[in-house]
>>> print(open('model-v8.txt').read())   # compact mmCIF, C-alpha atoms and all ligand atoms
# COMPACT_ATOMS: atom_id res chain seq x y z
CA MET R 1 -19.80 -27.99 18.52
CA ARG R 2 -16.40 -26.44 17.85
CA GLN R 3 -13.32 -28.04 19.30
CA LEU R 4 -9.71 -27.03 19.72
CA ARG R 5 -7.32 -28.81 17.42
CA LEU R 6 -3.85 -29.65 18.67
CA VAL R 7 -1.19 -28.37 16.30
CA GLN R 8 2.01 -30.36 16.64
CA GLU R 9 4.13 -28.00 14.62
CA ALA R 10 3.49 -25.17 12.21
CA ASN R 11 5.08 -22.43 10.18
CA ALA R 12 3.79 -20.24 7.37
CA ARG R 13 4.14 -23.10 4.89
CA ARG R 14 3.49 -26.39 6.65
CA ILE R 15 1.43 -27.66 9.55
CA ARG R 16 1.48 -30.97 11.43
CA LEU R 17 -1.96 -32.12 12.61
CA ALA R 18 -2.82 -35.57 13.91
CA GLY R 19 0.59 -36.83 12.80
CA ARG R 20 0.20 -35.65 9.20
CA GLU R 21 2.19 -32.94 7.48
CA LEU R 22 -0.06 -30.68 5.40
CA VAL R 23 0.28 -27.53 3.33
CA ASN R 24 -0.76 -24.81 5.76
CA LEU R 25 -3.46 -22.49 4.42
CA SER R 26 -4.53 -21.31 7.86
CA SER R 27 -1.76 -18.93 8.93
CA ASN R 28 -1.77 -15.12 8.87
CA ASP R 29 2.05 -15.18 8.82
CA TYR R 30 1.80 -13.68 5.33
CA LEU R 31 5.49 -12.91 4.89
CA GLY R 32 6.77 -15.91 6.86
CA LEU R 33 8.41 -13.68 9.48
CA SER R 34 7.35 -15.52 12.65
CA HIS R 35 10.41 -17.78 12.44
CA HIS R 36 12.78 -15.16 11.03
CA ALA R 37 16.26 -15.49 12.58
CA GLU R 38 16.71 -11.73 13.17
CA LEU R 39 13.37 -11.47 14.95
CA ILE R 40 14.09 -14.41 17.20
CA GLU R 41 17.51 -13.01 18.03
CA ALA R 42 16.08 -9.57 18.85
CA ALA R 43 13.41 -11.13 21.07
CA GLY R 44 15.99 -13.33 22.80
CA GLN R 45 18.17 -10.34 23.61
CA ALA R 46 15.11 -8.41 24.85
CA LEU R 47 14.16 -11.33 27.07
CA ALA R 48 17.55 -11.15 28.75
CA ASP R 49 17.26 -7.35 29.14
CA HIS R 50 13.63 -6.98 30.21
CA GLY R 51 12.46 -10.37 31.52
CA LEU R 52 9.14 -11.88 30.52
CA SER R 53 6.74 -9.18 31.58
CA ALA R 54 6.47 -5.50 32.48
CA CYS R 55 4.35 -6.71 35.43
CA SER R 56 2.40 -3.46 35.51
CA SER R 57 -0.01 -1.51 33.35
CA ARG R 58 1.31 1.15 30.97
CA LEU R 59 0.07 3.94 33.25
CA ILE R 60 1.70 2.66 36.42
CA SER R 61 5.20 1.41 35.60
CA GLY R 62 4.76 -0.74 32.50
CA HIS R 63 5.85 1.86 29.93
CA THR R 64 9.43 0.79 29.16
CA ARG R 65 12.09 2.02 26.79
CA ALA R 66 11.02 -0.81 24.46
CA HIS R 67 7.48 0.61 24.24
CA ALA R 68 8.67 4.19 23.77
CA GLU R 69 11.08 3.20 20.98
CA LEU R 70 8.44 1.11 19.21
CA GLU R 71 5.92 3.94 19.33
CA GLN R 72 8.44 6.48 18.02
CA GLU R 73 9.36 4.08 15.21
CA LEU R 74 5.69 3.60 14.30
CA ALA R 75 4.99 7.34 14.29
CA ASP R 76 8.02 7.92 12.04
CA PHE R 77 7.14 5.02 9.72
CA PHE R 78 3.64 6.35 9.10
CA ALA R 79 4.61 10.03 9.30
CA ALA R 80 1.95 10.38 12.01
CA GLU R 81 2.01 12.60 15.10
CA ARG R 82 1.97 9.73 17.57
CA ALA R 83 1.50 6.01 18.01
CA LEU R 84 0.16 3.87 20.84
CA ALA R 85 0.84 0.15 21.28
CA PHE R 86 -1.85 -2.19 22.59
CA ASN R 87 -1.82 -5.77 23.83
CA CYS R 88 -3.65 -7.06 20.77
CA GLY R 89 -5.95 -5.95 17.99
CA TYR R 90 -9.09 -7.29 19.61
CA VAL R 91 -8.52 -5.25 22.73
CA LEU R 92 -7.57 -2.19 20.69
CA ASN R 93 -10.73 -2.13 18.56
CA PHE R 94 -12.97 -3.01 21.46
CA GLY R 95 -11.32 -0.52 23.82
CA VAL R 96 -10.84 2.40 21.44
CA ILE R 97 -14.29 2.41 19.83
CA SER R 98 -16.09 2.05 23.15
CA CYS R 99 -13.91 4.78 24.65
CA LEU R 100 -14.36 7.37 21.87
CA MET R 101 -18.06 6.94 21.11
CA ARG R 102 -21.01 7.17 23.47
CA ASP R 103 -24.70 7.82 23.90
CA GLY R 104 -25.82 10.44 21.37
CA ASP R 105 -23.11 9.51 18.82
CA VAL R 106 -23.47 7.29 15.76
CA ILE R 107 -21.17 4.64 14.30
CA PHE R 108 -21.39 3.42 10.69
CA SER R 109 -19.95 -0.07 10.44
CA ASP R 110 -19.54 -2.37 7.41
CA GLN R 111 -21.66 -5.51 7.71
CA LEU R 112 -18.56 -7.73 7.49
CA ASN R 113 -16.43 -5.91 10.07
CA HIS R 114 -14.44 -8.03 12.52
CA ALA R 115 -15.98 -9.17 15.83
CA SER R 116 -13.69 -6.83 17.80
CA ILE R 117 -15.21 -3.84 15.97
CA VAL R 118 -18.73 -5.17 16.46
CA ASP R 119 -18.15 -5.59 20.19
CA GLY R 120 -16.60 -2.12 20.54
CA CYS R 121 -19.67 -0.64 18.85
CA ARG R 122 -22.01 -2.52 21.19
CA LEU R 123 -20.18 -1.48 24.32
CA SER R 124 -20.03 2.19 23.27
CA ARG R 125 -23.82 2.68 23.59
CA ALA R 126 -23.72 4.88 20.49
CA ARG R 127 -26.31 4.23 17.79
CA VAL R 128 -24.84 1.67 15.38
CA GLU R 129 -25.78 1.71 11.70
CA ILE R 130 -24.59 -1.42 9.90
CA TYR R 131 -24.31 -0.74 6.17
CA PRO R 132 -24.41 -3.57 3.60
CA HIS R 133 -20.93 -4.77 2.71
CA ARG R 134 -19.07 -2.15 0.61
CA ASP R 135 -22.35 -0.41 -0.31
CA MET R 136 -21.41 3.26 -0.51
CA ALA R 137 -24.85 4.42 -1.67
CA ALA R 138 -26.46 2.78 1.37
CA LEU R 139 -23.82 4.32 3.63
CA GLU R 140 -24.41 7.76 2.16
CA SER R 141 -28.14 7.61 2.78
CA LEU R 142 -27.47 6.60 6.41
CA LEU R 143 -24.99 9.47 6.77
CA LYS R 144 -27.72 11.96 5.83
CA GLN R 145 -29.52 11.42 9.13
CA ARG R 146 -29.23 14.43 11.42
CA GLY R 147 -29.25 14.82 15.16
CA TYR R 148 -26.12 12.98 16.31
CA ARG R 149 -23.23 14.59 18.14
CA ARG R 150 -20.31 12.72 16.62
CA ARG R 151 -20.04 10.30 13.71
CA LEU R 152 -17.55 7.52 13.11
CA ILE R 153 -17.18 5.35 10.03
CA VAL R 154 -15.26 2.16 10.78
CA THR R 155 -14.00 -0.44 8.32
CA GLU R 156 -11.41 -3.10 7.70
CA SER R 157 -9.10 -2.47 4.74
CA LEU R 158 -9.15 -6.10 3.60
CA PHE R 159 -12.07 -8.20 4.81
CA SER R 160 -10.83 -11.39 6.35
CA MET R 161 -13.71 -13.68 5.40
CA ASP R 162 -14.37 -12.51 1.82
CA GLY R 163 -10.84 -11.46 0.84
CA ASP R 164 -12.04 -8.21 -0.78
CA SER R 165 -11.06 -4.61 -0.01
CA ALA R 166 -12.95 -1.61 1.32
CA ALA R 167 -13.75 1.18 -1.15
CA LEU R 168 -11.38 3.36 0.80
CA ALA R 169 -11.23 6.38 -1.50
CA ALA R 170 -15.04 6.60 -1.50
CA LEU R 171 -15.14 6.14 2.29
CA ALA R 172 -12.63 8.95 2.77
CA GLU R 173 -14.70 11.24 0.56
CA LEU R 174 -17.95 10.41 2.39
CA ALA R 175 -16.29 10.93 5.77
CA ARG R 176 -15.11 14.35 4.65
CA ARG R 177 -18.46 15.37 3.17
CA TYR R 178 -20.51 14.27 6.18
CA ASP R 179 -18.08 15.35 8.87
CA ALA R 180 -17.37 11.87 10.21
CA TRP R 181 -14.17 10.36 11.61
CA LEU R 182 -12.75 7.44 9.68
CA MET R 183 -11.30 4.48 11.58
CA LEU R 184 -9.38 1.91 9.56
CA ASP R 185 -8.32 -1.60 10.60
CA GLU R 186 -5.38 -2.72 8.46
CA ALA R 187 -4.86 -6.08 10.22
CA HIS R 188 -4.64 -8.03 6.95
CA THR R 189 -2.87 -5.44 4.80
CA LEU R 190 -0.14 -4.08 7.07
CA GLY R 191 3.14 -5.46 5.76
CA VAL R 192 1.46 -6.82 2.65
CA THR R 193 0.01 -3.88 0.72
CA GLY R 194 1.30 -0.47 -0.29
CA PRO R 195 4.77 1.12 -0.34
CA GLU R 196 7.03 -0.53 2.27
CA GLY R 197 3.99 -2.54 3.38
CA LYS R 198 2.34 0.53 4.92
CA GLY R 199 -1.12 -0.71 4.00
CA LEU R 200 -4.03 0.07 1.71
CA ALA R 201 -4.56 3.68 2.83
CA HIS R 202 -1.00 4.54 1.82
CA GLN R 203 -1.34 2.65 -1.43
CA LEU R 204 -4.45 4.67 -2.34
CA GLY R 205 -3.03 7.94 -1.02
CA VAL R 206 -5.81 8.46 1.55
CA PHE R 207 -3.85 7.93 4.77
CA ASP R 208 -4.31 11.60 5.74
CA SER R 209 -8.10 11.12 5.64
CA VAL R 210 -7.92 8.39 8.30
CA GLN R 211 -8.16 9.77 11.84
CA ILE R 212 -7.80 6.42 13.63
CA PHE R 213 -5.47 3.98 11.91
CA MET R 214 -4.79 0.58 13.45
CA GLY R 215 -2.68 -2.43 12.58
CA THR R 216 -1.64 -5.61 14.32
CA PHE R 217 1.71 -7.28 14.94
CA GLY R 218 0.28 -10.82 14.98
CA LYS R 219 -0.19 -11.28 11.26
CA ALA R 220 2.29 -10.21 8.56
CA LEU R 221 4.71 -8.93 11.23
CA GLY R 222 4.92 -12.42 12.72
CA CYS R 223 4.80 -11.17 16.35
CA PHE R 224 1.91 -10.33 18.68
CA GLY R 225 0.26 -7.07 19.72
CA ALA R 226 -1.28 -4.07 17.96
CA PHE R 227 -0.98 -0.32 17.56
CA LEU R 228 -2.83 2.80 16.58
CA VAL R 229 -1.47 5.98 15.03
CA GLY R 230 -3.12 9.38 14.97
CA LYS R 231 -3.09 12.93 16.28
CA ARG R 232 -1.46 13.82 19.58
CA GLU R 233 -4.82 14.74 21.15
CA LEU R 234 -6.29 11.36 20.23
CA ILE R 235 -3.43 9.45 21.83
CA ASP R 236 -3.53 11.65 24.96
CA TYR R 237 -7.25 11.07 25.27
CA LEU R 238 -6.85 7.30 24.96
CA ILE R 239 -4.06 7.21 27.54
CA ASN R 240 -6.45 8.94 29.93
CA SER R 241 -9.64 7.08 29.12
CA CYS R 242 -9.14 3.77 27.32
CA ARG R 243 -9.85 1.17 29.95
CA PRO R 244 -7.94 -1.85 28.55
CA LEU R 245 -4.85 0.34 28.30
CA ILE R 246 -5.22 1.60 31.86
CA TYR R 247 -6.27 -1.57 33.63
CA SER R 248 -4.32 -4.33 31.90
CA THR R 249 -0.68 -5.41 32.15
CA ALA R 250 1.40 -3.77 29.41
CA LEU R 251 2.40 -5.52 26.21
CA PRO R 252 5.50 -7.56 27.20
CA PRO R 253 8.63 -5.54 26.31
CA ILE R 254 10.06 -8.48 24.33
CA LEU R 255 7.09 -8.16 21.98
CA ALA R 256 7.64 -4.42 21.62
CA VAL R 257 11.27 -5.08 20.68
CA ALA R 258 10.32 -7.85 18.25
CA ALA R 259 7.59 -5.74 16.63
CA ARG R 260 10.03 -2.89 16.09
CA LYS R 261 12.45 -5.26 14.41
CA ALA R 262 9.63 -6.74 12.33
CA LEU R 263 8.65 -3.27 11.13
CA LYS R 264 12.19 -2.77 9.84
CA LEU R 265 12.13 -6.13 8.04
CA VAL R 266 8.70 -5.46 6.55
CA SER R 267 9.70 -2.07 5.16
CA LYS R 268 12.36 -3.81 3.06
CA ALA R 269 10.36 -6.89 2.07
CA ASP R 270 9.31 -6.02 -1.50
CA ASP R 271 10.55 -9.41 -2.71
CA LEU R 272 8.32 -11.23 -0.21
CA ARG R 273 5.33 -9.08 -1.14
CA GLN R 274 5.88 -9.90 -4.80
CA ARG R 275 6.08 -13.60 -4.02
CA LEU R 276 2.87 -13.42 -2.00
CA ASN R 277 1.04 -11.68 -4.83
CA ARG R 278 2.32 -14.20 -7.33
CA ASN R 279 1.14 -17.05 -5.11
CA ALA R 280 -2.29 -15.48 -4.69
CA ARG R 281 -2.75 -14.97 -8.43
CA PHE R 282 -1.64 -18.53 -9.16
CA LEU R 283 -4.00 -20.15 -6.67
CA ARG R 284 -6.99 -17.95 -7.52
CA GLN R 285 -6.57 -18.73 -11.18
CA GLY R 286 -6.14 -22.45 -10.55
CA LEU R 287 -9.23 -22.65 -8.33
CA ALA R 288 -11.32 -20.72 -10.86
CA THR R 289 -10.17 -23.06 -13.63
CA LEU R 290 -11.31 -26.02 -11.51
CA GLY R 291 -14.72 -24.34 -11.26
CA PHE R 292 -14.73 -23.08 -7.66
CA ASN R 293 -16.29 -19.78 -6.59
CA THR R 294 -13.69 -17.61 -4.84
CA LEU R 295 -15.79 -14.42 -4.67
CA ALA R 296 -14.65 -11.12 -6.14
CA GLY R 297 -11.42 -10.27 -4.28
CA ASP R 298 -7.89 -10.40 -5.63
CA SER R 299 -5.96 -10.70 -2.37
CA HIS R 300 -3.93 -13.32 -0.53
CA ILE R 301 -7.07 -14.39 1.39
CA ILE R 302 -9.03 -16.73 -0.85
CA PRO R 303 -12.45 -18.01 0.24
CA VAL R 304 -13.59 -21.16 -1.56
CA ILE R 305 -17.37 -21.18 -1.26
CA ILE R 306 -18.77 -24.63 -0.49
CA GLY R 307 -22.34 -23.91 0.74
CA PRO R 308 -24.23 -25.54 3.63
CA SER R 309 -22.51 -25.92 6.98
CA ASP R 310 -22.37 -29.76 6.96
CA LEU R 311 -20.98 -29.90 3.46
CA THR R 312 -18.32 -27.34 4.40
CA SER R 313 -17.21 -29.45 7.37
CA GLU R 314 -17.07 -32.51 5.14
CA ALA R 315 -14.98 -30.61 2.57
CA ALA R 316 -12.56 -29.49 5.29
CA ARG R 317 -12.15 -33.08 6.50
CA LEU R 318 -11.60 -34.40 2.99
CA ILE R 319 -9.07 -31.81 1.99
CA ILE R 320 -6.90 -32.87 4.91
CA ASP R 321 -6.90 -36.41 3.48
CA TYR R 322 -5.50 -34.96 0.28
CA GLY R 323 -2.71 -33.04 2.01
CA ALA R 324 -3.91 -29.47 2.67
CA TYR R 325 -5.27 -27.67 5.71
CA ALA R 326 -7.82 -24.97 4.86
CA PRO R 327 -10.12 -24.31 7.81
CA ALA R 328 -13.90 -24.43 7.44
CA ILE R 329 -15.57 -21.09 8.12
CA ARG R 330 -19.27 -21.65 8.80
CA PRO R 331 -22.30 -19.71 9.97
CA PRO R 332 -22.64 -17.70 12.17
CA THR R 333 -19.19 -16.38 11.24
CA VAL R 334 -20.43 -16.07 7.63
CA PRO R 335 -24.02 -15.90 6.27
CA ALA R 336 -26.03 -19.15 6.04
CA GLY R 337 -25.41 -21.05 2.83
CA THR R 338 -21.96 -19.49 2.25
CA GLY R 339 -19.83 -21.89 4.28
CA ARG R 340 -16.32 -21.86 2.88
CA LEU R 341 -12.79 -23.12 3.12
CA ARG R 342 -10.62 -20.12 3.75
CA CYS R 343 -7.15 -20.20 2.20
CA SER R 344 -4.54 -17.79 3.59
CA LEU R 345 -1.51 -17.66 1.37
CA THR R 346 1.97 -16.68 2.44
CA ALA R 347 5.20 -15.76 0.69
CA SER R 348 6.68 -19.00 2.03
CA HIS R 349 4.48 -21.28 -0.08
CA THR R 350 6.29 -22.80 -3.07
CA GLU R 351 4.82 -23.60 -6.44
CA GLU R 352 4.97 -27.27 -5.46
CA ASP R 353 2.87 -26.52 -2.36
CA LEU R 354 0.28 -24.76 -4.46
CA GLU R 355 0.12 -27.62 -6.97
CA GLN R 356 -0.53 -29.93 -4.02
CA VAL R 357 -3.31 -27.60 -2.85
CA LEU R 358 -4.96 -27.50 -6.29
CA ASN R 359 -4.77 -31.25 -6.48
CA ALA R 360 -6.41 -31.56 -3.06
CA PHE R 361 -9.21 -29.20 -4.08
CA ARG R 362 -9.74 -31.11 -7.33
CA GLU R 363 -10.08 -34.46 -5.51
CA MET R 364 -12.33 -33.02 -2.82
CA GLY R 365 -14.48 -31.17 -5.36
CA ARG R 366 -15.02 -34.27 -7.46
CA LYS R 367 -15.79 -36.49 -4.52
CA LEU R 368 -18.43 -34.07 -3.22
CA ARG R 369 -19.69 -33.32 -6.75
CA LEU R 370 -18.99 -29.62 -6.34
CA ILE R 371 -17.14 -29.30 -9.65
C1 LIG E 1 -6.98 -10.51 13.69
C2 LIG E 1 -7.80 -9.29 13.61
C3 LIG E 1 -7.96 -8.46 14.72
C4 LIG E 1 -7.47 -8.84 16.07
O1 LIG E 1 -6.10 -8.72 16.18
P1 LIG E 1 -5.34 -9.57 17.31
O2 LIG E 1 -4.07 -8.84 17.48
O3 LIG E 1 -5.19 -10.93 16.75
O4 LIG E 1 -6.20 -9.56 18.52
C5 LIG E 1 -8.64 -7.27 14.55
N1 LIG E 1 -9.16 -6.92 13.37
C6 LIG E 1 -9.08 -7.73 12.29
C7 LIG E 1 -9.68 -7.31 11.00
C8 LIG E 1 -8.40 -8.94 12.39
O5 LIG E 1 -8.34 -9.75 11.35
>>> encode(input="model-v8.txt", output="structure tokens")
Amino acid sequence: MRQLRLVQEANARRIRLAGRELVNLSSNDYLGLSHHAELIEAAGQALADHGLSACSSRLISGHTRAHAELEQELADFFAAERALAFNCGYVLNFGVISCLMRDGDVIFSDQLNHASIVDGCRLSRARVEIYPHRDMAALESLLKQRGYRRRLIVTESLFSMDGDSAALAALAELARRYDAWLMLDEAHTLGVTGPEGKGLAHQLGVFDSVQIFMGTFGKALGCFGAFLVGKRELIDYLINSCRPLIYSTALPPILAVAARKALKLVSKADDLRQRLNRNARFLRQGLATLGFNTLAGDSHIIPVIIGPSDLTSEAARLIIDYGAYAPAIRPPTVPAGTGRLRCSLTASHTEEDLEQVLNAFREMGRKLRLI
């Protein structure tokens, strides 16, 4: 029985729950931008200019100057032909995959892909081949099947529950060899990874092999919303066929303005990215020294494997007593027996915060005889 938890106050670093102030390890505000003064000022000005809502879908009269400017900025930033903003990443993945793929097509999807990708695959009515997490040999043998009209490989860049990355160079090569489209979800790497925070595909030099590239504004950009970049024909097709874009009220213009500003900030945030990486290395090392299993990744998302569901809930409760909030992630979100506390680090955490976190994990681990 899951329940909503009332958050009294939160930023990238701290959270107030049930009257207690804790180190926040639950936020995707990786660069601490959600409270950035320039973003808030830009959004405030946009609120005065545009009001709260476009009050219409993009196709009717909801496509404002704010949307057009954001999309141009995104296309320029990624050196892509065009960009298209969406209300959020869930709707984008769900809407785009189900719109592009249909009966007679086949989708190859990593076992750990996000729920929004899973749901898009289901709704598409294409055949869906789930390949074991990051297993390129298994994917290749699935790709050898004949008889489908179109093929799509879809993956996250950084997997949000395990904190490890897709083998993107190998995926790009397989997509090329087997004539498949490649769709990439950079929700957890946009702003964080690669030159100017452009993501993993840019870092690895394979951006041009990605036909459908998506990112979200609700994580490292500190805003809300999502976007896709790609070829002109792709964007035109989506504008004509993608149901959530056609039949839902447009992204509020204030969010388009804020996201555009956030993109500017992110492109110049090398110092924040360095701080985030330093924090991630420090905490991973500290947790490993204590004897915890944090899986194989090296990112700012650090899963601390606890085990059975009940024990994971108990660990999450205890760690709050010791001053940190790291949410319990349990089955069915992750496989049985791999319940975990998921730590999201941000550039805003200080060394003192991280010492407090390590201390909390040490106390919890000893009490539950995990270490
Ligand atoms: C958060 C997330 C989404 C959904 O994005 P929202 O804008 O929050 O709806 C999609 N894909 C992945 C991998 C995510 O982590």
>>> closest_atom_pairs(input="model-v8.txt", of="segment 112-222 of chain R", to="segment 309-333 of chain R", cutoff="12 Å", atoms="all atoms listed in the file", output="tab-separated table")
residue	atom	partner	partner_atom	distance
R:Leu112	CA	R:Thr333	CA	9.4
R:Asn113	CA	R:Thr333	CA	10.9
R:His114	CA	R:Thr333	CA	9.7
R:Ala115	CA	R:Thr333	CA	9.1
R:Ser160	CA	R:Thr333	CA	10.9
R:Met161	CA	R:Ile329	CA	8.1
R:Asp162	CA	R:Ile329	CA	10.7
>>> residues_around(input="model-v8.txt", residues="Leu238 of chain R", least_positions_apart="2", cutoff="12 Å", atoms="all atoms listed in the file", output="ChimeraX atom specification")
/R:58-59,82-86,92,95-101,212,228-236,240-246
>>> axis_aligned_box(input="model-v8.txt", around="ligand LIG 1 (chain E)", padding_each_side="5 Å", output="AutoDock Vina command-line options")
--center_x -6.9 --center_y -8.9 --center_z 14.8 --size_x 15.6 --size_y 14.0 --size_z 17.5
>>> residues_near_ligand(input="model-v8.txt", ligand="ligand LIG 1 (chain E)", cutoff="10 Å", atoms="only C-alpha atoms and all ligand atoms", output="VMD selection string")
chain R and resid 28 86 to 94 112 to 117 155 to 161 184 to 189 214 to 219 223 to 227
>>> atom_distance(input="model-v8.txt", atom1="atom CA of Leu221 of chain R", atom2="atom CA of Ile153 of chain R")
26.2 Å
>>> residues_around(input="model-v8.txt", residues="segment 126-131 of chain R", least_positions_apart="3", cutoff="12 Å", atoms="only C-alpha atoms", output="PyMOL selection string")
chain R and resi 97-113+117-123+134-145+147-155
>>> residues_around(input="model-v8.txt", residues="Gln285 of chain R", least_positions_apart="5", cutoff="12 Å", atoms="only C-alpha atoms", output="short mmCIF file (atom, residue, chain, number, x, y, z; two decimals) with C-alpha atoms, keeping the file's coordinate frame")
data_model
loop_
_atom_site.label_atom_id
_atom_site.label_comp_id
_atom_site.auth_asym_id
_atom_site.auth_seq_id
_atom_site.Cartn_x
_atom_site.Cartn_y
_atom_site.Cartn_z
CA ARG R 278 2.32 -14.20 -7.33
CA ASN R 279 1.14 -17.05 -5.11
CA ALA R 280 -2.29 -15.48 -4.69
CA LEU R 290 -11.31 -26.02 -11.51
CA GLY R 291 -14.72 -24.34 -11.26
CA PHE R 292 -14.73 -23.08 -7.66
CA ASN R 293 -16.29 -19.78 -6.59
CA THR R 294 -13.69 -17.61 -4.84
CA GLY R 297 -11.42 -10.27 -4.28
CA ASP R 298 -7.89 -10.40 -5.63
CA SER R 299 -5.96 -10.70 -2.37
CA ILE R 302 -9.03 -16.73 -0.85
CA LEU R 354 0.28 -24.76 -4.46
CA GLU R 355 0.12 -27.62 -6.97
CA LEU R 358 -4.96 -27.50 -6.29
#
>>> atom_distance(input="model-v8.txt", atom1="atom CA of Leu204 of chain R", atom2="atom CA of Leu168 of chain R")
7.7 Å
>>> closest_residue(input="model-v8.txt", among="R:Ser34, R:Gln211, R:Thr338, R:Ser57", to="Ala259 of chain R", atoms="only C-alpha atoms")
R:Ser34
>>> atom_distance(input="model-v8.txt", atom1="atom CA of His35 of chain R", atom2="atom CA of Asn11 of chain R")
7.4 Å
>>> closest_residue(input="model-v8.txt", among="R:Met1, R:Leu52, R:Leu25, R:Leu263", to="Val357 of chain R", atoms="only C-alpha atoms")
R:Leu25
>>> closest_residue(input="model-v8.txt", among="R:Asp179, R:Glu73, R:Asp353, R:Glu363", to="Val23 of chain R", atoms="all atoms listed in the file")
R:Asp353
>>> residues_around(input="model-v8.txt", residues="Ala12 of chain R", least_positions_apart="5", cutoff="7 Å", atoms="all atoms listed in the file", output="PyMOL selection string")
chain R and resi 24+27+29+32+346+348
>>> residues_around(input="model-v8.txt", residues="Glu38 of chain R", least_positions_apart="4", cutoff="9 Å", atoms="only C-alpha atoms", output="list in words")
Ala42, Ala43, Lys261, Ala262 and Leu265 of chain R
>>> closest_residue(input="model-v8.txt", among="R:Leu17, R:Leu31, R:Leu171, R:Ala37", to="Ala258 of chain R", atoms="all atoms listed in the file")
R:Ala37
